[in-house]
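Peer 1: Input structure: protein_7.pdb, which contains PDB, C-alpha atoms.
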```pdb
ATOM      1  CA  MET A 239       0.000   0.000   0.000
ATOM      2  CA  THR A 240       1.126   3.544  -0.676
ATOM      3  CA  VAL A 241       1.206   6.445   1.758
ATOM      4  CA  GLN A 242      -1.870   8.010   0.159
ATOM      5  CA  GLU A 243      -3.787   4.717   0.150
ATOM      6  CA  ILE A 244      -3.167   4.345   3.879
ATOM      7  CA  ILE A 245      -4.174   7.965   4.538
ATOM      8  CA  ASN A 246      -7.419   7.394   2.635
ATOM      9  CA  LEU A 247      -8.044   4.157   4.510
ATOM     10  CA  ILE A 248      -7.524   5.856   7.879
ATOM     11  CA  LEU A 249      -9.834   8.730   6.939
ATOM     12  CA  ASP A 250     -12.528   6.321   5.732
ATOM     13  CA  SER A 251     -12.285   4.040   8.783
ATOM     14  CA  ILE A 252     -11.099   5.760  11.968
ATOM     15  CA  GLY A 253     -11.978   9.161  10.501
ATOM     16  CA  GLY A 254     -15.504   8.024   9.648
ATOM     17  CA  GLY A 255     -15.274   8.964   5.982
ATOM     18  CA  ARG A 256     -15.465  12.637   6.797
ATOM     19  CA  HIS A 257     -12.955  14.869   5.016
ATOM     20  CA  ILE A 258     -12.669  18.016   7.121
ATOM     21  CA  CYS A 259     -11.718  21.121   5.166
ATOM     22  CA  PRO A 260      -9.772  23.170   5.925
ATOM     23  CA  THR A 261      -7.631  20.863   8.068
ATOM     24  CA  CYS A 262      -4.167  20.624   9.563
ATOM     25  CA  ASP A 263      -4.113  16.916   8.689
ATOM     26  CA  VAL A 264      -1.534  17.298   5.935
ATOM     27  CA  LEU A 265       1.351  15.284   4.538
ATOM     28  CA  ALA A 266       4.182  17.292   6.074
ATOM     29  CA  CYS A 267       6.924  15.362   4.328
ATOM     30  CA  GLY A 268       7.274  12.521   1.861
ATOM     31  CA  ASP A 269       5.949  11.052  -1.374
ATOM     32  CA  PRO A 270       2.247  10.085  -1.309
ATOM     33  CA  ASP A 271       2.967   7.351  -3.894
ATOM     34  CA  MET A 272       5.731   5.683  -1.850
ATOM     35  CA  GLU A 273       5.152   2.064  -0.844
ATOM     36  CA  VAL A 274       4.913   1.769   2.937
ATOM     37  CA  THR A 275       7.164  -0.750   4.692
ATOM     38  CA  GLY A 276       6.023   0.045   8.220
ATOM     39  CA  ILE A 277       3.918   2.556  10.137
ATOM     40  CA  VAL A 278       4.822   4.348  13.357
ATOM     41  CA  THR A 279       2.271   6.253  15.409
ATOM     42  CA  THR A 280       3.509   8.989  17.720
ATOM     43  CA  PHE A 281       2.419  12.169  19.462
ATOM     44  CA  MET A 282       5.021  14.294  17.673
ATOM     45  CA  PRO A 283       7.678  13.427  15.058
ATOM     46  CA  THR A 284      10.714  14.557  17.024
ATOM     47  CA  VAL A 285      14.186  13.884  15.677
ATOM     48  CA  GLU A 286      14.551  10.992  18.114
ATOM     49  CA  VAL A 287      11.236   9.494  16.956
ATOM     50  CA  ILE A 288      12.454   9.772  13.353
ATOM     51  CA  ARG A 289      15.715   8.020  14.249
ATOM     52  CA  ARG A 290      13.864   5.203  16.009
ATOM     53  CA  THR A 291      11.522   4.903  13.022
ATOM     54  CA  ILE A 292      14.519   4.413  10.752
ATOM     55  CA  GLU A 293      15.974   1.820  13.124
ATOM     56  CA  CYS A 294      12.797  -0.285  13.091
ATOM     57  CA  GLY A 295      12.572  -0.245   9.291
ATOM     58  CA  ALA A 296       9.375   1.807   9.020
ATOM     59  CA  ASN A 297       8.994   4.678   6.577
ATOM     60  CA  PHE A 298       5.629   6.271   7.428
ATOM     61  CA  ILE A 299       4.979   8.258  10.615
ATOM     62  CA  VAL A 300       1.421   9.082  11.648
ATOM     63  CA  SER A 301       1.727  11.947  14.115
ATOM     64  CA  HIS A 302      -0.878  13.783  16.137
ATOM     65  CA  GLU A 303       1.009  17.064  16.321
ATOM     66  CA  PRO A 304       3.009  19.111  13.788
ATOM     67  CA  THR A 305       6.356  18.345  12.211
ATOM     68  CA  TRP A 306       7.387  21.932  11.511
ATOM     69  CA  PHE A 307       6.743  23.683  14.832
ATOM     70  CA  ASN A 308       3.468  25.457  13.965
ATOM     71  CA  GLY A 309      -0.169  24.424  13.897
ATOM     72  CA  SER A 310      -0.628  24.226  10.131
ATOM     73  CA  ASP A 311       2.879  22.880   9.325
ATOM     74  CA  GLU A 312       3.690  25.918   7.199
ATOM     75  CA  THR A 313       7.325  26.076   6.082
ATOM     76  CA  GLU A 314       7.571  29.424   4.322
ATOM     77  CA  TRP A 315       8.885  30.999   7.507
ATOM     78  CA  CYS A 316      11.743  28.518   8.019
ATOM     79  CA  GLN A 317      13.197  27.839   4.560
ATOM     80  CA  ASN A 318      16.616  29.017   5.753
ATOM     81  CA  ASP A 319      16.293  27.841   9.349
ATOM     82  CA  SER A 320      19.061  25.470  10.452
ATOM     83  CA  VAL A 321      16.799  23.214  12.561
ATOM     84  CA  TYR A 322      14.239  22.864   9.784
ATOM     85  CA  LEU A 323      16.877  22.105   7.157
ATOM     86  CA  ALA A 324      18.611  19.451   9.283
ATOM     87  CA  LYS A 325      15.349  17.718  10.192
ATOM     88  CA  LYS A 326      14.125  17.861   6.591
ATOM     89  CA  GLN A 327      17.403  16.337   5.406
ATOM     90  CA  LEU A 328      17.064  13.490   7.928
ATOM     91  CA  LEU A 329      13.552  12.713   6.684
ATOM     92  CA  GLU A 330      14.361  12.986   2.998
ATOM     93  CA  GLU A 331      17.616  11.027   3.067
ATOM     94  CA  ASN A 332      15.798   8.142   4.767
ATOM     95  CA  HIS A 333      12.640   8.406   2.657
ATOM     96  CA  ILE A 334      10.326   8.964   5.628
ATOM     97  CA  ALA A 335       6.812  10.293   5.070
ATOM     98  CA  VAL A 336       5.019  12.114   7.905
ATOM     99  CA  TRP A 337       1.266  12.661   7.988
ATOM    100  CA  ARG A 338      -0.591  14.512  10.712
ATOM    101  CA  PHE A 339      -3.729  12.841  12.101
ATOM    102  CA  HIS A 340      -5.268  15.488  14.332
ATOM    103  CA  ASP A 341      -8.594  17.006  13.274
ATOM    104  CA  HIS A 342     -10.087  13.758  12.020
ATOM    105  CA  MET A 343      -8.897  11.942  15.133
ATOM    106  CA  HIS A 344     -10.703  14.407  17.378
ATOM    107  CA  PHE A 345     -13.697  15.351  15.233
ATOM    108  CA  GLY A 346     -14.098  12.856  12.385
ATOM    109  CA  THR A 347     -16.672  10.761  14.246
ATOM    110  CA  ASN A 348     -18.502  10.888  17.566
ATOM    111  CA  ILE A 349     -15.459   9.158  19.091
ATOM    112  CA  ASP A 350     -12.557  11.356  20.132
ATOM    113  CA  TYR A 351      -9.719   8.839  19.871
ATOM    114  CA  ILE A 352      -7.369  10.982  21.945
ATOM    115  CA  TYR A 353      -9.796  10.941  24.868
ATOM    116  CA  ARG A 354     -10.435   7.251  24.292
ATOM    117  CA  GLY A 355      -6.700   6.624  24.645
ATOM    118  CA  ILE A 356      -6.202   8.468  27.913
ATOM    119  CA  ILE A 357      -9.361   6.954  29.424
ATOM    120  CA  GLN A 358      -7.966   3.532  28.570
ATOM    121  CA  GLU A 359      -4.572   4.444  30.009
ATOM    122  CA  LEU A 360      -6.153   5.623  33.265
ATOM    123  CA  GLY A 361      -8.639   2.747  33.477
ATOM    124  CA  TRP A 362     -11.409   5.264  34.124
ATOM    125  CA  ARG A 363     -14.043   4.084  31.619
ATOM    126  CA  ALA A 364     -16.394   2.915  34.388
ATOM    127  CA  TYR A 365     -16.094   6.274  36.166
ATOM    128  CA  LEU A 366     -17.159   8.434  33.198
ATOM    129  CA  GLN A 367     -20.093  10.732  33.921
ATOM    130  CA  ASP A 368     -22.369  12.515  31.477
ATOM    131  CA  ASP A 369     -21.525  16.195  31.084
ATOM    132  CA  GLU A 370     -23.286  17.494  27.992
ATOM    133  CA  LYS A 371     -22.138  14.290  26.225
ATOM    134  CA  GLU A 372     -18.450  15.189  26.552
ATOM    135  CA  PRO A 373     -15.841  12.795  28.069
ATOM    136  CA  TRP A 374     -14.712  15.237  30.724
ATOM    137  CA  VAL A 375     -16.155  14.252  34.098
ATOM    138  CA  TYR A 376     -15.351  11.221  36.286
ATOM    139  CA  GLU A 377     -16.554   9.938  39.656
ATOM    140  CA  ILE A 378     -13.439   8.213  41.015
ATOM    141  CA  PRO A 379     -12.646   6.359  44.266
ATOM    142  CA  ALA A 380     -11.963   8.782  47.113
ATOM    143  CA  THR A 381      -8.404  10.084  47.179
ATOM    144  CA  THR A 382      -6.433  13.280  47.813
ATOM    145  CA  LEU A 383      -4.580  15.666  45.533
ATOM    146  CA  LYS A 384      -1.219  14.372  46.747
ATOM    147  CA  ASP A 385      -2.104  10.688  46.275
ATOM    148  CA  LEU A 386      -3.712  11.219  42.884
ATOM    149  CA  ALA A 387      -0.741  13.270  41.701
ATOM    150  CA  GLU A 388       1.697  10.574  42.824
ATOM    151  CA  TRP A 389      -0.330   7.910  41.005
ATOM    152  CA  LEU A 390      -0.501   9.986  37.820
ATOM    153  CA  LYS A 391       3.215  10.689  38.009
ATOM    154  CA  LYS A 392       3.890   6.954  38.071
ATOM    155  CA  THR A 393       1.282   6.170  35.402
ATOM    156  CA  PHE A 394       2.674   8.718  32.953
ATOM    157  CA  GLU A 395       6.331   8.165  33.889
ATOM    158  CA  MET A 396       6.907  11.764  34.927
ATOM    159  CA  ASP A 397       9.811  12.955  37.055
ATOM    160  CA  GLU A 398       7.845  15.879  38.467
ATOM    161  CA  ILE A 399       4.226  16.987  38.428
ATOM    162  CA  ARG A 400       2.715  20.439  39.005
ATOM    163  CA  THR A 401      -0.357  20.951  41.135
ATOM    164  CA  VAL A 402      -2.443  23.851  42.431
ATOM    165  CA  GLY A 403      -4.277  23.654  45.739
ATOM    166  CA  ASN A 404      -4.100  21.898  49.100
ATOM    167  CA  PRO A 405      -2.224  18.562  48.856
ATOM    168  CA  ASP A 406      -4.774  17.079  51.264
ATOM    169  CA  CYS A 407      -7.756  18.230  49.201
ATOM    170  CA  PRO A 408     -10.297  15.360  49.177
ATOM    171  CA  ILE A 409     -11.201  14.216  45.666
ATOM    172  CA  THR A 410     -14.056  12.151  44.312
ATOM    173  CA  ARG A 411     -15.064  14.151  41.231
ATOM    174  CA  ALA A 412     -12.420  14.743  38.581
ATOM    175  CA  GLY A 413     -12.426  16.659  35.313
ATOM    176  CA  LEU A 414     -10.106  15.767  32.460
ATOM    177  CA  LEU A 415      -9.265  18.302  29.732
ATOM    178  CA  VAL A 416      -6.508  17.049  27.452
ATOM    179  CA  GLY A 417      -4.081  19.042  25.336
ATOM    180  CA  GLY A 418      -5.355  22.464  24.341
ATOM    181  CA  GLY A 419      -8.827  21.608  25.629
ATOM    182  CA  SER A 420      -7.877  22.944  29.043
ATOM    183  CA  LEU A 421      -7.432  26.366  27.430
ATOM    184  CA  GLY A 422     -11.172  26.342  26.745
ATOM    185  CA  LEU A 423     -11.468  25.445  23.032
ATOM    186  CA  GLY A 424     -11.960  29.072  22.063
ATOM    187  CA  ARG A 425     -13.758  30.016  25.278
ATOM    188  CA  GLU A 426     -11.180  30.485  28.021
ATOM    189  CA  VAL A 427     -13.751  30.376  30.828
ATOM    190  CA  MET A 428     -15.029  26.946  29.713
ATOM    191  CA  PRO A 429     -12.826  24.898  32.120
ATOM    192  CA  MET A 430     -14.097  26.937  35.064
ATOM    193  CA  GLU A 431     -17.686  26.485  33.900
ATOM    194  CA  VAL A 432     -17.142  22.731  33.671
ATOM    195  CA  MET A 433     -15.692  22.687  37.170
ATOM    196  CA  GLU A 434     -18.542  24.701  38.703
ATOM    197  CA  ARG A 435     -21.335  22.975  36.788
ATOM    198  CA  ASN A 436     -20.128  19.522  37.786
ATOM    199  CA  ASN A 437     -18.932  20.305  41.319
ATOM    200  CA  LEU A 438     -15.439  19.028  40.490
ATOM    201  CA  ASN A 439     -12.720  18.641  43.103
ATOM    202  CA  VAL A 440      -9.837  18.408  40.636
ATOM    203  CA  LEU A 441      -9.162  19.445  37.062
ATOM    204  CA  ILE A 442      -6.496  17.408  35.255
ATOM    205  CA  CYS A 443      -5.098  19.610  32.495
ATOM    206  CA  GLY A 444      -2.982  19.576  29.382
ATOM    207  CA  ASP A 445      -2.102  23.169  28.498
ATOM    208  CA  ILE A 446      -2.708  25.935  31.015
ATOM    209  CA  THR A 447      -2.784  29.714  31.282
ATOM    210  CA  GLU A 448      -1.769  30.853  34.731
ATOM    211  CA  TRP A 449      -4.095  33.840  34.882
ATOM    212  CA  THR A 450      -7.305  31.942  33.998
ATOM    213  CA  THR A 451      -8.117  28.493  35.402
ATOM    214  CA  VAL A 452      -4.983  28.339  37.545
ATOM    215  CA  ALA A 453      -5.905  31.627  39.243
ATOM    216  CA  TYR A 454      -9.527  30.488  39.633
ATOM    217  CA  ILE A 455      -8.559  27.228  41.321
ATOM    218  CA  ARG A 456      -5.957  28.881  43.511
ATOM    219  CA  ASP A 457      -8.537  31.381  44.744
ATOM    220  CA  ALA A 458     -11.032  28.566  45.342
ATOM    221  CA  SER A 459      -8.463  26.687  47.397
ATOM    222  CA  GLN A 460      -7.565  29.799  49.394
ATOM    223  CA  LEU A 461     -11.281  30.233  50.131
ATOM    224  CA  GLY A 462     -11.295  26.760  51.698
ATOM    225  CA  MET A 463     -13.091  25.008  48.823
ATOM    226  CA  ASN A 464     -12.170  21.456  47.863
ATOM    227  CA  ARG A 465     -10.830  22.399  44.439
ATOM    228  CA  CYS A 466      -7.415  21.743  42.951
ATOM    229  CA  MET A 467      -5.561  21.178  39.679
ATOM    230  CA  ILE A 468      -3.026  18.723  38.279
ATOM    231  CA  HIS A 469      -1.023  19.872  35.265
ATOM    232  CA  LEU A 470       0.188  16.944  33.149
ATOM    233  CA  GLY A 471       0.935  18.928  29.988
ATOM    234  CA  HIS A 472      -0.134  18.616  26.370
ATOM    235  CA  GLU A 473       2.128  15.708  25.447
ATOM    236  CA  ARG A 474       1.369  13.477  28.424
ATOM    237  CA  THR A 475      -2.419  13.920  28.138
ATOM    238  CA  GLU A 476      -2.671  13.327  24.387
ATOM    239  CA  GLU A 477       0.017  10.728  23.704
ATOM    240  CA  PRO A 478      -2.068   7.760  24.970
ATOM    241  CA  GLY A 479      -4.395   8.279  22.011
ATOM    242  CA  MET A 480      -1.472   7.585  19.682
ATOM    243  CA  LYS A 481      -0.265   4.723  21.856
ATOM    244  CA  TYR A 482      -3.528   2.842  21.326
ATOM    245  CA  LEU A 483      -4.016   3.925  17.700
ATOM    246  CA  PRO A 484      -2.257   0.803  16.287
ATOM    247  CA  LEU A 485      -4.981  -1.331  17.895
ATOM    248  CA  TYR A 486      -7.626   0.588  15.949
ATOM    249  CA  LEU A 487      -5.668   0.519  12.674
ATOM    250  CA  LYS A 488      -4.632  -3.142  12.536
ATOM    251  CA  PRO A 489      -8.124  -4.465  11.603
ATOM    252  CA  TYR A 490      -7.983  -2.275   8.476
ATOM    253  CA  ILE A 491      -4.303  -2.449   7.513
ATOM    254  CA  HIS A 492      -2.891  -5.921   6.922
ATOM    255  CA  ASN A 493       0.657  -7.155   6.286
ATOM    256  CA  ILE A 494       2.250  -3.824   7.255
ATOM    257  CA  PRO A 495       3.843  -3.576  10.726
ATOM    258  CA  ILE A 496       2.299  -0.844  12.905
ATOM    259  CA  SER A 497       4.007   0.254  16.102
ATOM    260  CA  PHE A 498       3.958   3.126  18.585
ATOM    261  CA  ILE A 499       6.993   5.220  19.513
ATOM    262  CA  SER A 500       6.756   7.652  22.407
ATOM    263  CA  SER A 501       7.996  11.174  21.808
ATOM    264  CA  GLU A 502       8.589  11.328  25.573
ATOM    265  CA  GLU A 503       7.852  14.168  27.955
ATOM    266  CA  PRO A 504       9.614  17.265  26.570
ATOM    267  CA  TYR A 505      10.986  18.692  29.824
ATOM    268  CA  THR A 506      14.039  17.992  31.951
ATOM    269  CA  TYR A 507      13.704  18.942  35.622
ATOM    270  CA  PHE A 508      16.474  20.210  37.875
TER     271      PHE A 508
END
```
Kindly transcribe the structure held in the file into C-alpha cells.
Peer 2:
Amino acid sequence: MTVQEIINLILDSIGGGRHICPTCDVLACGDPDMEVTGIVTTFMPTVEVIRRTIECGANFIVSHEPTWFNGSDETEWCQNDSVYLAKKQLLEENHIAVWRFHDHMHFGTNIDYIYRGIIQELGWRAYLQDDEKEPWVYEIPATTLKDLAEWLKKTFEMDEIRTVGNPDCPITRAGLLVGGGSLGLGREVMPMEVMERNNLNVLICGDITEWTTVAYIRDASQLGMNRCMIHLGHERTEEPGMKYLPLYLKPYIHNIPISFISSEEPYTYF
C-alpha cells in the first residue's frame, strides 16, 4: 500500500469517511505514492522518533502534532532555518513520510480517539459521567490531591508533576481536559464552567494559562473550597491516544507492521 492509500483508509475508517476542510491533517513530508514498509504512530515526530523509526525499518509516521513547529505545518517561515533544514534532510535522506492525524482523530466521528486513549490508560471508563455528552467528568474512588498526583506521576512516567491547591484536598469528582482543551477550546472560561457545573474537586489539564483556570482554582483553594488542579501537559495527556491507535488501525491495515513510539515528555527537571 502507498502512503496516500493508507491515509485514505484511515480517513474512511477511523476518521468516519469525513474529510474536514480546511484541516491541519496534511502530509508534512514525503511522497504520497511511496510504498509503505512500516507505520509508526507517535504524538510528535521529534528527531529521536524519526531516528527510532529508521531503526525499526518503518517509513511512514502518523503523528498527532506538527512536524514543523506550527499548527498548520507551514514552512515558508523557516526555509533558511538550520533546525528545519537538518530535520528535513534526515527525513528525505531516509525516505520517511510524515502525515498529521489530528482534526479527524478528534472530530471525524462521535469518538474522540485521543480521549479514548487516555481513558484507557487511566482505566477510568467505568467512572465516566455525562456532562453534555463530553468525556470530561469522572466519579473516582476517594483520594487526595497528593495521592492522585503521585499515582498519575507513576502512570505517565513523569519525574515531576505540578499541582495547584491543598495537597490534602479530598477528591471524588475529577475533570479531564486534554491538550489544548484545558485552554477552553476558544472560550477560556469553559474549564471553570465545567468545574462549577459539575462540582469538580480536581481538574487534570494539558495546556494551562496561569491567569485563567490556575488563578480560579488557587482562589477557590484559598477560600477553603475542595478544588485543585493537576497539570500533566499537552504531550502526556494526548500521547495515549497515539499509543492505542495501532490497535484501531490493525483491523484495516494488513501485512504492514504498525508500532507506537513515544515522543517522551519534553521537559528535563532540575
Peer 1: List the residues selected by the PyMOL selection byres ((chain A and resi 439-441) around 8) in the file shown, writing them as a PDB file with C-alpha atoms, in the coordinates of the input.
Peer 2:
```
ATOM      1  CA  LEU A 383      -4.580  15.666  45.533  1.00  0.00           C
ATOM      2  CA  CYS A 407      -7.756  18.230  49.201  1.00  0.00           C
ATOM      3  CA  PRO A 408     -10.297  15.360  49.177  1.00  0.00           C
ATOM      4  CA  ILE A 409     -11.201  14.216  45.666  1.00  0.00           C
ATOM      5  CA  THR A 410     -14.056  12.151  44.312  1.00  0.00           C
ATOM      6  CA  ARG A 411     -15.064  14.151  41.231  1.00  0.00           C
ATOM      7  CA  ALA A 412     -12.420  14.743  38.581  1.00  0.00           C
ATOM      8  CA  GLY A 413     -12.426  16.659  35.313  1.00  0.00           C
ATOM      9  CA  LEU A 414     -10.106  15.767  32.460  1.00  0.00           C
ATOM     10  CA  LEU A 415      -9.265  18.302  29.732  1.00  0.00           C
ATOM     11  CA  MET A 433     -15.692  22.687  37.170  1.00  0.00           C
ATOM     12  CA  ASN A 437     -18.932  20.305  41.319  1.00  0.00           C
ATOM     13  CA  LEU A 438     -15.439  19.028  40.490  1.00  0.00           C
ATOM     14  CA  ILE A 442      -6.496  17.408  35.255  1.00  0.00           C
ATOM     15  CA  CYS A 443      -5.098  19.610  32.495  1.00  0.00           C
ATOM     16  CA  ASN A 464     -12.170  21.456  47.863  1.00  0.00           C
ATOM     17  CA  ARG A 465     -10.830  22.399  44.439  1.00  0.00           C
ATOM     18  CA  CYS A 466      -7.415  21.743  42.951  1.00  0.00           C
ATOM     19  CA  MET A 467      -5.561  21.178  39.679  1.00  0.00           C
ATOM     20  CA  ILE A 468      -3.026  18.723  38.279  1.00  0.00           C
TER      21      ILE A 468
END
```
Peer 1: Just the number, please: distance in Å from atom CA of Pro504 of chain A to atom CA of Trp315 of chain A, one decimal.
Peer 2: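 Separation of atom CA of Pro504 of chain A and atom CA of Trp315 of chain A: 23.5 Å.
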Peer 1: Just so the selection is clear, what residues does the PyMOL selection byres ((chain A and resi 479) around 8) cover here, as a list in words?
Peer 2: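 Checking the PyMOL selection byres ((chain A and resi 479) around 8) against this file, the residues are Tyr351, Ile352, Tyr353, Arg354, Gly355, Ile356, Glu476, Glu477, Pro478, Met480, Lys481, Tyr482 and Leu483 of chain A.
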Peer 1: Distance atom CA of Val375 of chain A-atom CA of Leu423 of chain A, one decimal place?
Peer 2: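 Computed distance, atom CA of Val375 of chain A to atom CA of Leu423 of chain A, equals 16.4 Å.
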Peer 1: For atom CA of Gly253 of chain A and atom CA of Leu366 of chain A, determine how far apart the two atoms are, in Å to one decimal place.
Peer 2: 23.3 Å
Peer 1: With all atoms listed in the file as the counted atoms, please give the residues lying no more than 12 Å from Tyr490 of chain A, apart from itself and same-chain residues fewer than 6 positions off, as a list of chain:residue names.
Peer 2: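 With the cut-off at 12 Å, the set is A:Met239, A:Glu243, A:Ile244, A:Ile245, A:Asn246, A:Leu247, A:Ile248, A:Leu249, A:Asp250, A:Ser251, A:Ile252, A:Leu483, A:Pro484, A:Ile496.
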Peer 1: Go ahead and save the residues from that selection, with C-alpha atoms, as a CSV table (one decimal), in the coordinates of the input.
Peer 2:
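That gives us selection20.csv:
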```csv
chain,number,residue,atom,x,y,z
A,239,MET,CA,0.0,0.0,0.0
A,243,GLU,CA,-3.8,4.7,0.2
A,244,ILE,CA,-3.2,4.3,3.9
A,245,ILE,CA,-4.2,8.0,4.5
A,246,ASN,CA,-7.4,7.4,2.6
A,247,LEU,CA,-8.0,4.2,4.5
A,248,ILE,CA,-7.5,5.9,7.9
A,249,LEU,CA,-9.8,8.7,6.9
A,250,ASP,CA,-12.5,6.3,5.7
A,251,SER,CA,-12.3,4.0,8.8
A,252,ILE,CA,-11.1,5.8,12.0
A,483,LEU,CA,-4.0,3.9,17.7
A,484,PRO,CA,-2.3,0.8,16.3
A,496,ILE,CA,2.3,-0.8,12.9
```
Peer 1: Convert the output of the PyMOL selection byres ((chain A and resi 266-274) around 9) on the shown file into explicit residues, formatted as a PyMOL selection string.
Peer 2: chain A and resi 239-245+263-265+275-277+296-298+304-306+311-312+326+329-330+333-338+494
Peer 1: Could you name the residues that touch Phe307 of chain A at 10 Å or less, counting only C-alpha atoms, but leaving out those on the same chain fewer than 5 positions away, as a PyMOL selection string?
Peer 2: chain A and resi 282+312-313+316+322
Peer 1: Which residue, A:His492, A:Thr401, A:Gly462, A:Glu473, has the smallest gap to Glu448 of chain A when you use all atoms listed in the file?
Peer 2: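 Nearest to Glu448 of chain A: A:Thr401.
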Peer 1: Which residue out of A:Phe498, A:Glu503, A:Gly422, A:Phe345 has the minimum interatomic distance to Ser301 of chain A when all atoms listed in the file are used?
Peer 2: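 Using all atoms listed in the file, the shortest distance to Ser301 of chain A belongs to A:Phe498.
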Peer 1: For segment 312-421 of chain A versus segment 458-461 of chain A, which residues have an atom no more than 9 Å away, and what is each residue's nearest atom pair and distance in Å rounded to one decimal, using all atoms listed in the file, chain-then-number order, as a Markdown table?
Peer 2:
```
| residue | atom | partner | partner_atom | distance |
| --- | --- | --- | --- | --- |
| A:Val402 | CA | A:Ser459 | CA | 8.3 |
| A:Gly403 | CA | A:Ser459 | CA | 5.4 |
| A:Asn404 | CA | A:Ser459 | CA | 6.7 |
| A:Cys407 | CA | A:Ser459 | CA | 8.7 |
```
Peer 1: Closest to Tyr486 of chain A among A:Leu421, A:Trp374, A:Thr279, A:Asp368, using all atoms listed in the file?
Peer 2: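 Closest to Tyr486 of chain A, using all atoms listed in the file: A:Thr279.
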Peer 1: May I have the centre and edge lengths, in Å to one decimal, of an axis-aligned box around the listed atoms of segment 480-495 of chain A with 3 Å added to every side, as AutoDock Vina command-line options?
Peer 2:
```
--center_x -2.1 --center_y 0.2 --center_z 14.1 --size_x 18.0 --size_y 20.7 --size_z 21.6
```
Peer 1: Using only C-alpha atoms, which protein or nucleic acid residues come within 8 Å of Asp445 of chain A? Drop anything in the same chain fewer than 2 positions from it, and give the result as a PDB file with C-alpha atoms, in the coordinates of the input.
Peer 2:
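Ended up saving to selection_8.pdb:
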```pdb
ATOM      1  CA  VAL A 416      -6.508  17.049  27.452  1.00  0.00           C
ATOM      2  CA  GLY A 417      -4.081  19.042  25.336  1.00  0.00           C
ATOM      3  CA  GLY A 418      -5.355  22.464  24.341  1.00  0.00           C
ATOM      4  CA  GLY A 419      -8.827  21.608  25.629  1.00  0.00           C
ATOM      5  CA  SER A 420      -7.877  22.944  29.043  1.00  0.00           C
ATOM      6  CA  LEU A 421      -7.432  26.366  27.430  1.00  0.00           C
ATOM      7  CA  CYS A 443      -5.098  19.610  32.495  1.00  0.00           C
ATOM      8  CA  THR A 447      -2.784  29.714  31.282  1.00  0.00           C
ATOM      9  CA  HIS A 469      -1.023  19.872  35.265  1.00  0.00           C
ATOM     10  CA  GLY A 471       0.935  18.928  29.988  1.00  0.00           C
ATOM     11  CA  HIS A 472      -0.134  18.616  26.370  1.00  0.00           C
TER      12      HIS A 472
END
```
